[in-house]
Each structure stands twice: as C-alpha cells, then as structure tokens.
$ cat final-v6.csv   # CSV, C-alpha atoms and all ligand atoms
chain,number,residue,atom,x,y,z
A,266,MET,CA,0.0,0.0,0.0
A,267,LYS,CA,2.8,2.3,0.9
A,268,SER,CA,4.5,1.6,-2.3
A,269,HIS,CA,1.2,2.0,-4.2
A,270,CYS,CA,0.7,5.3,-2.5
A,271,CYS,CA,4.1,6.5,-3.4
A,272,CYS,CA,3.5,5.4,-7.0
A,273,SER,CA,0.2,7.2,-7.0
A,274,ALA,CA,1.8,10.3,-5.6
A,275,ALA,CA,4.5,10.1,-8.2
A,276,ALA,CA,2.0,9.6,-11.0
A,277,TRP,CA,-0.1,12.5,-9.7
A,278,SER,CA,3.0,14.6,-9.6
A,279,ARG,CA,4.0,13.7,-13.1
A,280,GLY,CA,0.4,14.4,-14.2
A,281,LEU,CA,0.6,17.8,-12.6
A,282,VAL,CA,3.9,18.5,-14.3
A,283,SER,CA,2.5,17.4,-17.6
A,284,PHE,CA,-0.6,19.6,-17.1
A,285,THR,CA,1.6,22.5,-16.2
A,286,ILE,CA,3.7,22.1,-19.4
A,287,VAL,CA,0.6,21.7,-21.6
A,288,ALA,CA,-0.9,24.8,-20.0
A,289,THR,CA,2.3,26.8,-20.5
A,290,SER,CA,2.6,25.7,-24.1
A,291,THR,CA,-1.0,26.7,-24.7
A,292,VAL,CA,-0.3,30.2,-23.4
A,293,VAL,CA,2.9,30.5,-25.5
A,294,MET,CA,1.0,29.2,-28.6
A,295,ASN,CA,-1.7,31.8,-28.0
A,296,GLN,CA,0.8,34.5,-27.6
A,297,ARG,CA,2.5,33.5,-30.9
A,298,ALA,CA,-0.9,33.3,-32.6
A,299,VAL,CA,-1.7,37.0,-32.0
A,300,ALA,CA,-1.2,38.8,-35.3
A,301,VAL,CA,0.2,42.3,-35.2
A,302,GLU,CA,-0.7,44.6,-38.0
A,303,GLN,CA,1.8,47.4,-37.9
A,304,ALA,CA,4.0,49.6,-40.1
A,305,MET,CA,6.4,52.5,-40.1
A,306,GLY,CA,7.3,54.9,-42.8
A,307,VAL,CA,9.3,58.0,-43.8
A,308,LEU,CA,8.5,60.5,-46.5
A,309,PHE,CA,11.6,61.4,-48.5
A,310,TYR,CA,11.7,64.4,-50.8
A,311,GLN,CA,13.6,66.1,-53.5
A,312,GLN,CA,13.3,69.7,-54.6
A,313,GLY,CA,12.3,70.2,-58.2
A,314,SER,CA,11.8,73.3,-60.4
A,315,GLY,CA,8.8,75.6,-60.1
A,316,GLY,CA,8.2,75.0,-56.5
A,317,VAL,CA,7.4,71.3,-57.0
A,318,PHE,CA,8.6,68.6,-54.6
A,319,HIS,CA,9.0,65.0,-55.5
A,320,TYR,CA,8.0,62.8,-52.6
A,321,ASP,CA,8.8,59.1,-52.1
A,322,ILE,CA,7.6,57.0,-49.2
A,323,ASP,CA,9.8,54.3,-47.7
A,324,VAL,CA,7.6,51.9,-45.7
A,325,LYS,CA,8.4,49.0,-43.5
A,326,ASP,CA,6.1,46.2,-42.4
A,327,SER,CA,7.0,46.1,-38.7
A,328,GLY,CA,4.2,43.7,-37.7
A,329,THR,CA,3.5,40.1,-38.3
A,330,THR,CA,0.9,40.4,-41.1
A,331,SER,CA,1.3,41.6,-44.7
A,332,VAL,CA,0.6,45.1,-46.0
A,333,GLY,CA,-1.6,45.1,-49.1
A,334,THR,CA,-2.8,48.7,-48.9
A,335,LEU,CA,-0.9,51.9,-48.1
A,336,TRP,CA,-3.2,54.9,-47.8
A,337,TYR,CA,-1.2,58.1,-47.1
A,338,SER,CA,-2.9,61.2,-45.6
A,339,TRP,CA,-6.1,59.4,-44.8
A,340,VAL,CA,-8.4,57.8,-42.3
A,341,PRO,CA,-11.7,56.3,-43.2
A,342,GLY,CA,-13.9,59.1,-44.6
A,343,LYS,CA,-11.3,61.8,-44.4
A,344,ASP,CA,-8.5,62.9,-46.8
A,345,PHE,CA,-5.9,65.4,-45.4
A,346,LEU,CA,-3.7,66.8,-48.2
A,347,GLY,CA,-4.5,70.4,-49.2
A,348,LEU,CA,-3.8,69.9,-52.9
A,349,SER,CA,-4.2,66.9,-55.2
A,350,PRO,CA,-0.8,65.3,-55.8
A,351,THR,CA,0.4,64.7,-59.4
A,352,ASN,CA,2.9,62.4,-61.2
A,353,LEU,CA,1.8,59.4,-59.1
A,354,ALA,CA,4.0,56.3,-59.2
A,355,ALA,CA,3.9,52.9,-57.5
A,356,PRO,CA,6.3,50.0,-56.8
A,357,ALA,CA,6.0,47.1,-59.2
A,358,GLY,CA,2.8,45.2,-58.5
A,359,TRP,CA,1.0,48.1,-56.9
A,360,GLN,CA,-1.6,50.5,-58.3
A,361,VAL,CA,-2.1,54.1,-57.2
A,362,HIS,CA,-4.7,56.8,-57.3
A,363,VAL,CA,-5.8,59.9,-55.5
A,364,THR,CA,-8.8,59.8,-53.2
A,365,ASN,CA,-11.2,62.7,-52.4
A,366,THR,CA,-14.8,62.8,-51.3
A,367,GLY,CA,-15.8,66.3,-52.3
A,368,ALA,CA,-15.2,70.0,-51.9
A,369,ASN,CA,-15.1,69.9,-48.1
A,370,ASP,CA,-12.5,67.1,-48.1
A,371,GLY,CA,-8.8,67.1,-48.8
A,372,PHE,CA,-6.8,64.6,-50.8
A,373,ALA,CA,-5.0,61.4,-50.1
A,374,VAL,CA,-3.0,58.8,-52.0
A,375,GLN,CA,-4.0,55.1,-52.0
A,376,TRP,CA,-1.6,52.4,-53.1
A,377,VAL,CA,-3.1,48.8,-53.4
A,378,ASN,CA,-1.1,45.7,-54.1
A,379,ASN,CA,-2.3,43.4,-56.8
A,380,SER,CA,0.4,40.8,-57.1
A,381,GLY,CA,1.8,39.9,-53.7
A,382,PRO,CA,1.7,42.2,-50.6
A,383,LEU,CA,4.6,43.5,-48.6
A,384,ALA,CA,5.6,40.7,-46.1
A,385,ALA,CA,6.3,41.1,-42.4
A,386,GLY,CA,9.7,42.6,-41.8
A,387,GLN,CA,10.2,43.8,-45.4
A,388,THR,CA,10.7,47.4,-46.6
A,389,LEU,CA,9.6,48.9,-49.8
A,390,SER,CA,10.1,52.3,-51.5
A,391,GLY,CA,8.7,53.8,-54.7
A,392,PHE,CA,5.4,55.0,-53.4
A,393,SER,CA,5.9,58.5,-54.9
A,394,PHE,CA,4.0,61.6,-56.0
A,395,ASP,CA,4.7,65.3,-56.8
A,396,SER,CA,3.2,68.3,-55.0
A,397,THR,CA,3.7,72.0,-54.6
A,398,GLU,CA,2.9,71.5,-50.9
A,399,THR,CA,6.2,71.8,-49.1
A,400,PRO,CA,7.7,69.3,-46.6
A,401,ALA,CA,7.0,71.9,-43.8
A,402,VAL,CA,3.3,71.9,-44.8
A,403,LEU,CA,3.2,68.1,-45.0
A,404,MET,CA,4.7,68.1,-41.5
A,405,GLY,CA,1.7,70.1,-40.2
A,406,ASN,CA,-2.1,69.6,-39.7
A,407,SER,CA,-4.7,69.4,-42.4
A,408,GLN,CA,-6.5,72.6,-43.5
A,409,PHE,CA,-9.7,70.5,-43.9
A,410,PHE,CA,-9.6,68.8,-40.5
A,411,SER,CA,-8.0,70.9,-37.9
A,412,GLY,CA,-5.9,69.1,-35.4
A,413,THR,CA,-5.3,66.1,-37.7
A,414,PRO,CA,-1.7,65.7,-39.1
A,415,ILE,CA,-1.5,65.5,-42.8
A,416,SER,CA,1.0,62.6,-42.2
A,417,THR,CA,-1.8,60.4,-40.9
A,418,THR,CA,-1.7,57.1,-42.8
A,419,PHE,CA,-3.5,53.7,-42.8
A,420,ILE,CA,-2.5,50.3,-43.9
A,421,TYR,CA,-4.6,47.2,-44.5
A,422,GLY,CA,-3.3,43.6,-44.7
A,423,GLY,CA,-5.0,43.1,-48.1
A,424,ALA,CA,-7.4,45.3,-50.1
A,425,PRO,CA,-8.8,48.5,-48.5
A,426,PHE,CA,-11.2,47.8,-45.6
A,427,SER,CA,-10.2,44.1,-45.6
A,428,ASP,CA,-9.5,44.2,-41.9
A,429,ALA,CA,-9.4,46.7,-39.0
A,430,GLY,CA,-6.3,48.4,-40.4
A,431,PHE,CA,-3.5,50.2,-38.6
A,432,GLN,CA,-3.1,53.9,-38.3
A,433,PHE,CA,0.3,55.6,-38.0
A,434,ASN,CA,2.1,58.7,-39.3
A,435,ILE,CA,4.5,59.1,-42.2
A,436,ASP,CA,6.4,62.4,-41.6
A,437,PRO,CA,8.8,64.1,-44.0
A,438,ALA,CA,12.4,62.8,-43.4
A,439,THR,CA,14.7,64.7,-41.0
A,440,ARG,CA,17.8,62.7,-42.1
A,441,LEU,CA,17.4,63.4,-45.8
A,442,TRP,CA,20.3,61.2,-47.0
A,443,GLN,CA,20.2,58.2,-44.7
A,444,ASN,CA,18.4,54.9,-45.1
A,445,PRO,CA,15.8,55.0,-42.4
A,446,PHE,CA,15.6,51.3,-41.8
A,447,ALA,CA,19.2,50.2,-42.4
A,448,ALA,CA,21.7,53.1,-42.3
A,449,LEU,CA,24.5,51.1,-43.9
A,450,ASP,CA,22.5,49.9,-46.8
A,451,VAL,CA,23.4,52.7,-49.2
A,452,ASN,CA,22.0,51.2,-52.3
A,453,ASN,CA,18.8,50.1,-50.5
A,454,ASP,CA,18.9,46.5,-51.8
A,455,GLY,CA,18.4,44.9,-48.5
A,456,LEU,CA,22.0,43.8,-48.1
A,457,ILE,CA,25.1,45.4,-46.6
A,458,THR,CA,27.8,44.6,-49.0
A,459,GLN,CA,30.9,46.0,-50.7
A,460,ALA,CA,28.6,47.7,-53.2
A,461,ASP,CA,27.5,50.0,-50.4
A,462,VAL,CA,31.1,50.9,-49.6
A,463,ASN,CA,31.8,51.5,-53.2
A,464,LEU,CA,29.0,54.0,-53.4
A,465,VAL,CA,30.4,56.0,-50.5
A,466,VAL,CA,33.9,55.9,-51.9
A,467,ASN,CA,32.6,57.0,-55.4
A,468,SER,CA,30.7,59.8,-53.9
A,469,LEU,CA,33.6,61.1,-51.9
A,470,VAL,CA,35.8,60.9,-55.0
A,471,ALA,CA,33.3,62.7,-57.2
A,472,SER,CA,31.9,65.3,-54.8
A,473,GLY,CA,34.4,65.6,-51.9
A,474,ILE,CA,33.6,66.2,-48.3
A,475,ARG,CA,30.5,68.4,-48.3
A,476,THR,CA,27.3,69.4,-46.7
A,477,LEU,CA,24.5,67.4,-48.4
A,478,GLY,CA,21.6,69.8,-48.0
A,479,ILE,CA,18.1,69.3,-49.5
A,480,PRO,CA,18.2,66.7,-52.3
A,481,THR,CA,17.3,68.0,-55.7
A,482,VAL,CA,15.5,66.1,-58.5
A,483,GLY,CA,18.2,64.7,-60.8
A,484,SER,CA,20.9,64.6,-58.2
A,485,THR,CA,23.5,62.0,-59.0
A,486,LEU,CA,24.5,61.3,-55.4
A,487,PRO,CA,23.2,58.0,-54.0
A,488,ARG,CA,20.1,58.7,-52.0
A,489,PHE,CA,21.3,57.1,-48.8
A,490,VAL,CA,25.0,58.0,-48.9
A,491,ASP,CA,25.0,59.6,-45.4
A,492,THR,CA,25.4,56.5,-43.3
A,493,THR,CA,26.1,58.5,-40.1
A,494,GLY,CA,23.1,60.7,-40.6
A,495,ASP,CA,24.9,63.9,-39.8
A,496,GLY,CA,24.0,65.7,-43.0
A,497,LEU,CA,27.6,65.5,-44.3
A,498,LEU,CA,29.3,63.4,-46.9
A,499,SER,CA,32.5,62.6,-45.1
A,500,PRO,CA,35.0,59.8,-44.3
A,501,GLY,CA,32.8,59.0,-41.3
A,502,ASP,CA,30.3,57.5,-43.7
A,503,LEU,CA,33.1,55.4,-45.2
A,504,LEU,CA,34.2,54.3,-41.7
A,505,ASP,CA,30.7,53.1,-40.9
A,506,ALA,CA,30.3,51.2,-44.1
A,507,LEU,CA,33.8,49.6,-43.9
A,508,ASN,CA,33.3,48.5,-40.3
A,509,GLN,CA,30.2,46.5,-41.2
A,510,VAL,CA,31.6,44.9,-44.4
A,511,ASP,CA,34.9,44.0,-42.7
A,512,GLY,CA,33.0,42.1,-40.1
A,513,PRO,CA,33.5,41.8,-36.4
A,514,ALA,CA,36.8,39.9,-36.4
A,515,ALA,CA,38.8,42.4,-38.4
A,516,SER,CA,41.5,44.5,-36.7
A,517,PRO,CA,41.8,48.2,-37.6
A,518,SER,CA,44.9,47.6,-39.7
A,519,ALA,CA,43.6,44.5,-41.3
A,520,ALA,CA,40.4,46.3,-42.2
A,521,LEU,CA,42.3,48.9,-44.1
A,522,GLY,CA,44.1,46.2,-45.9
A,523,HIS,CA,41.0,44.2,-46.6
A,524,PRO,CA,41.0,43.0,-50.2
A,525,LEU,CA,37.4,44.2,-50.6
A,526,ALA,CA,38.1,47.6,-49.2
A,527,ARG,CA,41.2,48.1,-51.4
A,528,GLY,CA,39.4,46.7,-54.4
A,529,SER,CA,36.6,49.2,-53.9
A,530,ILE,CA,38.9,52.1,-53.8
A,531,ALA,CA,40.8,51.0,-56.8
A,532,THR,CA,37.9,50.1,-59.0
A,533,ALA,CA,35.4,52.6,-57.8
A,534,ALA,CA,37.4,55.7,-58.7
A,535,VAL,CA,36.5,57.7,-61.8
A,536,PRO,CA,38.4,56.5,-64.9
A,537,GLU,CA,41.1,59.2,-64.7
A,538,PRO,CA,41.0,60.7,-61.2
A,539,SER,CA,42.5,64.1,-60.9
A,540,GLY,CA,45.2,65.0,-58.5
A,541,ALA,CA,42.6,66.7,-56.4
A,542,THR,CA,40.4,63.6,-56.1
A,543,LEU,CA,43.4,61.4,-55.3
A,544,LEU,CA,44.5,63.9,-52.6
A,545,LEU,CA,41.0,63.9,-51.3
A,546,LEU,CA,40.8,60.1,-51.2
A,547,GLY,CA,44.2,60.0,-49.5
A,548,GLY,CA,43.0,62.5,-47.0
A,549,ALA,CA,39.9,60.5,-46.4
A,550,THR,CA,41.9,57.4,-45.8
A,551,LEU,CA,44.1,59.2,-43.3
A,552,VAL,CA,41.1,60.5,-41.5
A,553,LEU,CA,39.7,57.0,-41.6
A,554,GLU,CA,42.9,55.5,-40.1
A,555,ARG,CA,42.9,58.1,-37.4
A,556,LEU,CA,39.2,57.4,-36.5
A,557,ARG,CA,39.9,53.7,-36.4
A,558,ARG,CA,42.9,54.2,-34.0
A,559,VAL,CA,40.8,56.4,-31.8
A,560,ARG,CA,38.0,53.8,-31.7
A,561,ASN,CA,40.5,51.1,-30.9
A,562,VAL,CA,42.3,53.0,-28.1
A,563,THR,CA,39.1,54.0,-26.4
A,564,SER,CA,37.6,50.5,-26.9
A,565,LEU,CA,34.5,51.8,-28.6
A,566,ARG,CA,34.0,48.5,-30.4
A,567,ARG,CA,31.3,46.4,-29.1
A,568,PRO,CA,32.3,43.9,-26.3
A,569,GLU,CA,31.5,40.9,-28.4
A,570,ARG,CA,33.8,42.0,-31.1
A,571,THR,CA,36.7,42.3,-28.6
A,572,ALA,CA,35.9,38.9,-27.3
A,573,ARG,CA,36.0,37.3,-30.7
A,574,ARG,CA,39.4,38.8,-31.5
A,575,SER,CA,41.0,37.5,-28.3
A,601,CA,CA,23.2,47.4,-50.0
$ encode --input "final-v6.csv" --output "structure tokens"
Amino acid sequence: MKSHCCCSAAAWSRGLVSFTIVATSTVVMNQRAVAVEQAMGVLFYQQGSGGVFHYDIDVKDSGTTSVGTLWYSWVPGKDFLGLSPTNLAAPAGWQVHVTNTGANDGFAVQWVNNSGPLAAGQTLSGFSFDSTETPAVLMGNSQFFSGTPISTTFIYGGAPFSDAGFQFNIDPATRLWQNPFAALDVNNDGLITQADVNLVVNSLVASGIRTLGIPTVGSTLPRFVDTTGDGLLSPGDLLDALNQVDGPAASPSAALGHPLARGSIATAAVPEPSGATLLLLGGATLVLERLRRVRNVTSLRRPERTARRS
C-alpha cells in the first residue's frame, strides 16, 4: 500500500507537471498566434523646379501580417492633403490613385497591391508623388480637418477595408540622405555589402567632403550615402560602411588592408581621377585611419567584437 501510495503520488505529480507544461505551451502558442498589423514609414523628398517637390515613401512592415494597402494622408472618410498630388507612381505590383470625397474634403494617395503584398519585416520604396505643398506643410495639420496631421496614414493587410487596419504617421524625413531602416544599406537593396562601400567611396571621390543639404531632383548622389546621418558626406560614412563589411573579427589595420576595401577604392574611382580627387581620397583614408585608431584605443568597439578577437 505504501509503495502503491508512493506510485500514486508520483503519478499524480507527473500528471501535474504534464498539465503545467501543456498549460504553459498553450499560453505560448496563444501569444504566438496573435497577429500584429503594424508599419512605419518615412516621406523622403527632392526639390524640383517651379516649387514642385518629389515625394517618395519608404515603408516597413513592422508587424507580423502583410501590407496590401498603403493609404497616405487618410483615415476612413477623411483625406488630409491640401492639394491633389500629381505624377503618381507605385512600386511594381502596386496600383495608385488619389482619393477625395468632395469640396469639403482634402486629398490622399492610395496604393493597393495586386500581385503579392509586402511581407512582415520587409521594406519597400517607390510610393511616390509630386506636389507643390512643401515638406513643412506636410509636417503640419490638415486645413480641412483641424488638429489632424497630414501625415496620418492607414495600412490594411490586403485590399482597402479588408481588416481593422492600422493607423500611423509618415512624416517628412529629418535625415534626408540616410536609409531610415538600415543606415549602412546605401543602395537600399536589403543587403550590406561591398557595393555600399563603393557608393560611399565613389561619392567622396566625385563630390568631396560636403554638406549634403536638401536633395534635388536629378541629383547623381546616392540617395542614402549619409550612413552616419549627420547631413555631411564625409570619411565618417566610409568608416561606418567599412566596419560593417569588414565584419567583427577584423582588426583596424587588417580592415584597411581588406581586399574588398582596397578593391573598392581602386575600382570605384572615376576613370582618370584628378590629382585633387586622389588627394581627397588619400586625406579621407588618413582620417579613416585616425578614426579607427581612436576607436581602438578607447575601446569603442562592441564587447562581443573584442571577445571574438581575443
Ligand atoms: Ca546594399
């Protein structure tokens, strides 16, 4: 009996443990099953002629569901832009049109996907339009609905009104030359590679160290060349890009001698670089070396990098 009792107690105990595990798993599964419809975006702009600005939205699906509709400057029943945008464009697989419900309503831009929505975690650009409304105006409130920001935006997982939607704001960019979702992805292809380093080097060679200012339509500079986000095209941008491409195990000196880095400088230069550009590149490299030494001495590298080198 005693033994039987012990077995019963053990079995009961195992049952309790099993029950606890099952209950815990159910909770975790329920937590995982909760879908999050969410997005974030930035409105980039370039100044054109005649007071026209070219606007381009970069949007990221920051939730766990897809994005099939992007409706800028809108909530159900209300459109917030003061003027009807022109020169509408859309990424491949998306259709675009302006929405407006009458004289007492503003305007909005609706993009709807028709070939495969934006997946969770992915980013997409190319949602663009032109307008004579300035970035400062688009940063403010609607003239049609006081107190509501023009930047108010909605997404839906599929077609418009296909679910509850998610409301957020897409404001004009404050870092006009920096990739908002991956600062080192200069060419915005979703990867951080030698190609990004090459773009920074090319830009330094072609344009020199300079203040970037407001982008203009037709500018030949890469849109996201300012990896540091300080509004300058400088060797600091090159330092940022090289550090990432070289990887965590590279020492400062090895990084400078990295085949990819040297190759980029050699092959990225304009066909016949002038003495001035060579001087600039040399200066940039010296500044880069100095910055690297400072970072090394002051142990600014992340702890895990130091651990991997030792
Ligand atoms: Ca890239």
$ atom_distance --input "final-v6.csv" --atom1 "CA of Gly483 in chain A" --atom2 "CA of Gly313 in chain A"
8.5 Å
$ closest_residue --input "final-v6.csv" --among "A:Gln311, A:Ser393, A:Thr388, A:Thr399" --to "Leu456 in chain A" --atoms "only C-alpha atoms"
A:Thr388
$ residues_around --input "final-v6.csv" --residues "range 319-328 of chain A" --least-positions-apart "2" --cutoff "6 Å" --atoms "all atoms listed in the file" --output "list in words"
Val301, Glu302, Gln303, Ala304, Met305, Gly306, Val307, Leu308, Phe309, Tyr310, Gln311, Thr330, Ala385, Gly386, Gln387, Thr388, Leu389, Ser390, Gly391, Phe392, Ser393, Phe394 and Asp395 of chain A
$ residues_near_ligand --input "final-v6.csv" --ligand "ligand CA 601 (chain A)" --cutoff "9 Å" --atoms "only C-alpha atoms and all ligand atoms" --output "list in words"
Leu449, Asp450, Val451, Asn452, Asn453, Asp454, Gly455, Leu456, Ile457, Thr458, Gln459, Ala460, Asp461 and Val462 of chain A
$ closest_residue --input "final-v6.csv" --among "A:Gln509, A:Ser407, A:Thr397, A:Asn352" --to "Phe372 in chain A" --atoms "all atoms listed in the file"
A:Ser407
$ atom_distance --input "final-v6.csv" --atom1 "CA of Gly367 in chain A" --atom2 "CA of Val340 in chain A"
15.1 Å
$ residues_around --input "final-v6.csv" --residues "Thr476 in chain A" --least-positions-apart "5" --cutoff "9 Å" --atoms "only C-alpha atoms" --output "list in words"
Gly496, Leu497, Leu498 and Ser499 of chain A
$ closest_residue --input "final-v6.csv" --among "A:Ile415, A:Leu486, A:Ile420, A:Ala506" --to "Asn378 in chain A" --atoms "only C-alpha atoms"
A:Ile420
$ residues_around --input "final-v6.csv" --residues "Val377 in chain A" --least-positions-apart "4" --cutoff "12 Å" --atoms "only C-alpha atoms" --output "list in words"
Val332, Gly333, Thr334, Leu335, Trp336, Tyr337, Ala354, Ala355, Pro356, Ala357, Gly358, Trp359, Gln360, Val361, His362, Val363, Gly381, Pro382, Leu383, Phe392, Phe419, Ile420, Tyr421, Gly422, Gly423, Ala424, Pro425, Phe426 and Ser427 of chain A
$ atom_distance --input "final-v6.csv" --atom1 "CA of Thr481 in chain A" --atom2 "CA of Ser314 in chain A"
9.0 Å
$ closest_residue --input "final-v6.csv" --among "A:Gln312, A:Ala300, A:Trp339, A:Thr417" --to "Val482 in chain A" --atoms "only C-alpha atoms"
A:Gln312
$ residues_around --input "final-v6.csv" --residues "Leu477 in chain A" --least-positions-apart "4" --cutoff "12 Å" --atoms "only C-alpha atoms" --output "list in words"
Arg440, Leu441, Trp442, Gln443, Ser468, Leu469, Ser472, Gly473, Thr481, Ser484, Thr485, Leu486, Pro487, Arg488, Phe489, Val490, Asp491, Gly494, Asp495, Gly496, Leu497, Leu498 and Ser499 of chain A
$ closest_residue --input "final-v6.csv" --among "A:Asn369, A:Asn379, A:Asn406, A:Thr418" --to "Phe431 in chain A" --atoms "all atoms listed in the file"
A:Thr418
$ decode --input "final-v6.csv" --residues "range 402-451 of chain A" --atoms "C-alpha atoms" --output "mmCIF file, in the first residue's frame"
data_model
loop_
_atom_site.group_PDB
_atom_site.id
_atom_site.type_symbol
_atom_site.label_atom_id
_atom_site.label_comp_id
_atom_site.auth_asym_id
_atom_site.auth_seq_id
_atom_site.Cartn_x
_atom_site.Cartn_y
_atom_site.Cartn_z
ATOM 1 C CA VAL A 402 3.318 71.911 -44.845
ATOM 2 C CA LEU A 403 3.166 68.118 -44.959
ATOM 3 C CA MET A 404 4.653 68.084 -41.463
ATOM 4 C CA GLY A 405 1.671 70.098 -40.163
ATOM 5 C CA ASN A 406 -2.064 69.642 -39.734
ATOM 6 C CA SER A 407 -4.727 69.401 -42.409
ATOM 7 C CA GLN A 408 -6.511 72.581 -43.475
ATOM 8 C CA PHE A 409 -9.671 70.519 -43.932
ATOM 9 C CA PHE A 410 -9.636 68.760 -40.549
ATOM 10 C CA SER A 411 -8.010 70.926 -37.890
ATOM 11 C CA GLY A 412 -5.871 69.087 -35.410
ATOM 12 C CA THR A 413 -5.259 66.101 -37.674
ATOM 13 C CA PRO A 414 -1.730 65.707 -39.057
ATOM 14 C CA ILE A 415 -1.464 65.484 -42.833
ATOM 15 C CA SER A 416 0.963 62.614 -42.235
ATOM 16 C CA THR A 417 -1.821 60.373 -40.881
ATOM 17 C CA THR A 418 -1.699 57.076 -42.753
ATOM 18 C CA PHE A 419 -3.503 53.738 -42.808
ATOM 19 C CA ILE A 420 -2.496 50.264 -43.894
ATOM 20 C CA TYR A 421 -4.561 47.162 -44.482
ATOM 21 C CA GLY A 422 -3.307 43.599 -44.719
ATOM 22 C CA GLY A 423 -4.993 43.140 -48.091
ATOM 23 C CA ALA A 424 -7.418 45.293 -50.055
ATOM 24 C CA PRO A 425 -8.822 48.517 -48.516
ATOM 25 C CA PHE A 426 -11.158 47.757 -45.593
ATOM 26 C CA SER A 427 -10.175 44.068 -45.617
ATOM 27 C CA ASP A 428 -9.464 44.197 -41.873
ATOM 28 C CA ALA A 429 -9.370 46.668 -38.987
ATOM 29 C CA GLY A 430 -6.320 48.391 -40.438
ATOM 30 C CA PHE A 431 -3.529 50.159 -38.620
ATOM 31 C CA GLN A 432 -3.110 53.921 -38.289
ATOM 32 C CA PHE A 433 0.287 55.604 -38.032
ATOM 33 C CA ASN A 434 2.107 58.682 -39.326
ATOM 34 C CA ILE A 435 4.523 59.124 -42.218
ATOM 35 C CA ASP A 436 6.355 62.388 -41.635
ATOM 36 C CA PRO A 437 8.844 64.093 -43.954
ATOM 37 C CA ALA A 438 12.372 62.808 -43.351
ATOM 38 C CA THR A 439 14.671 64.675 -40.994
ATOM 39 C CA ARG A 440 17.776 62.731 -42.096
ATOM 40 C CA LEU A 441 17.428 63.383 -45.785
ATOM 41 C CA TRP A 442 20.303 61.203 -47.022
ATOM 42 C CA GLN A 443 20.184 58.234 -44.651
ATOM 43 C CA ASN A 444 18.424 54.907 -45.120
ATOM 44 C CA PRO A 445 15.774 55.005 -42.377
ATOM 45 C CA PHE A 446 15.629 51.258 -41.762
ATOM 46 C CA ALA A 447 19.235 50.174 -42.435
ATOM 47 C CA ALA A 448 21.665 53.084 -42.295
ATOM 48 C CA LEU A 449 24.514 51.130 -43.923
ATOM 49 C CA ASP A 450 22.466 49.861 -46.845
ATOM 50 C CA VAL A 451 23.450 52.716 -49.157
#
